[in-house]
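For reference, the structure discussed in these notes is given below.
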Amino acid sequence: GDAFEAQRNILTRTFNLDGGASVAADDEGRVYLAWHANDRENQDETGRHVFLTVSTDDGVTFSREKPVWE
(Lines give C-alpha, C1' and ligand atoms only; values in the text may rest on other atoms or scores of the structure.)
Protein backbone atom coordinates (compact mmCIF):
# COMPACT_ATOMS: atom_id res chain seq x y z
CA GLY A 1 0.00 0.00 0.00
CA ASP A 2 0.89 3.63 0.06
CA ALA A 3 -0.24 4.56 3.59
CA PHE A 4 -0.38 3.23 7.12
CA GLU A 5 -3.62 1.92 8.62
CA ALA A 6 -4.96 3.04 11.98
CA GLN A 7 -3.22 1.54 15.00
CA ARG A 8 -4.95 -1.48 16.58
CA ASN A 9 -4.36 -3.84 19.48
CA ILE A 10 -3.32 -7.35 18.44
CA LEU A 11 -2.65 -8.62 21.99
CA THR A 12 -5.24 -11.29 22.79
CA ARG A 13 -3.58 -13.19 25.65
CA THR A 14 -0.50 -11.24 26.70
CA PHE A 15 0.10 -8.42 29.16
CA ASN A 16 2.68 -5.72 29.86
CA LEU A 17 4.14 -5.36 26.37
CA ASP A 18 7.77 -4.34 26.77
CA GLY A 19 9.23 -1.83 24.32
CA GLY A 20 6.97 -2.25 21.30
CA ALA A 21 6.97 -4.98 18.69
CA SER A 22 9.02 -6.03 15.68
CA VAL A 23 7.30 -6.31 12.30
CA ALA A 24 8.34 -8.26 9.20
CA ALA A 25 6.43 -8.82 5.96
CA ASP A 26 6.99 -10.61 2.68
CA ASP A 27 5.73 -10.29 -0.89
CA GLU A 28 3.24 -13.15 -0.44
CA GLY A 29 0.96 -11.47 2.10
CA ARG A 30 2.51 -12.79 5.29
CA VAL A 31 3.08 -10.38 8.19
CA TYR A 32 4.90 -11.43 11.36
CA LEU A 33 4.75 -9.55 14.67
CA ALA A 34 6.96 -10.42 17.65
CA TRP A 35 7.12 -8.86 21.11
CA HIS A 36 8.26 -9.43 24.70
CA ALA A 37 5.46 -9.68 27.30
CA ASN A 38 3.89 -11.64 30.16
CA ASP A 39 1.30 -14.35 29.63
CA ARG A 40 -0.50 -13.44 32.89
CA GLU A 41 -1.31 -10.13 34.55
CA ASN A 42 0.89 -8.88 37.38
CA GLN A 43 3.84 -11.18 36.62
CA ASP A 44 7.36 -10.00 37.25
CA GLU A 45 10.18 -10.03 34.70
CA THR A 46 10.82 -13.77 35.14
CA GLY A 47 7.41 -14.52 33.58
CA ARG A 48 8.17 -12.83 30.25
CA HIS A 49 8.36 -14.61 26.89
CA VAL A 50 8.81 -13.63 23.27
CA PHE A 51 5.46 -13.98 21.48
CA LEU A 52 4.71 -14.28 17.77
CA THR A 53 1.57 -13.78 15.70
CA VAL A 54 1.22 -14.25 11.94
CA SER A 55 -1.10 -12.91 9.27
CA THR A 56 -1.46 -14.59 5.88
CA ASP A 57 -3.74 -11.91 4.40
CA ASP A 58 -1.53 -8.80 4.37
CA GLY A 59 -2.30 -7.97 8.01
CA VAL A 60 -6.09 -7.98 7.80
CA THR A 61 -6.32 -10.75 10.41
CA PHE A 62 -3.75 -12.31 12.76
CA SER A 63 -3.42 -15.67 14.48
CA ARG A 64 -3.61 -15.84 18.25
CA GLU A 65 -0.16 -15.08 19.64
CA LYS A 66 1.99 -17.95 20.89
CA PRO A 67 5.24 -18.03 22.84
CA VAL A 68 8.18 -18.60 20.51
CA TRP A 69 9.67 -21.06 23.04
CA GLU A 70 9.02 -22.13 26.63
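The way I read the labels, and the way they are meant: chains A, B, ... in the order of the C-alpha coordinates, residue 1 as the first residue of every chain, and ligand 1 as the first ligand shown, with later ones counted on from there.
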Identify, on the basis of only C-alpha atoms, every residue whose closest approach to stretch 27-36 of chain A does not exceed 9 Å; exclude the query and any residue fewer than 5 positions from it along the same chain; express the result as a list of chain:residue names.
A:Asn16, A:Leu17, A:Asp18, A:Gly19, A:Gly20, A:Ala21, A:Ser22, A:Arg48, A:His49, A:Val50, A:Phe51, A:Leu52, A:Thr53, A:Val54, A:Ser55, A:Thr56, A:Asp57, A:Asp58, A:Gly59, A:Phe62, A:Glu65, A:Val68
Set the distance at 9 Å and use only C-alpha atoms: which residues neighbour stretch 41-45 of chain A once local chain neighbours fewer than 4 positions away are removed? I'd like the list as a PyMOL selection string.
chain A and resi 14-16+37
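Relative to atom CA of A:Thr12, atom CA of A:Gly47 is found at 16.9 Å.
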Which one is closest to A:Val60: A:Arg8, A:Ala3, A:Arg13, A:Ala24? Count only C-alpha atoms.
A:Arg8
Strand (DSSP E or B) positions in chain A, given as a PyMOL selection string
chain A and resi 15+21-25+31-38+48-55+66-67
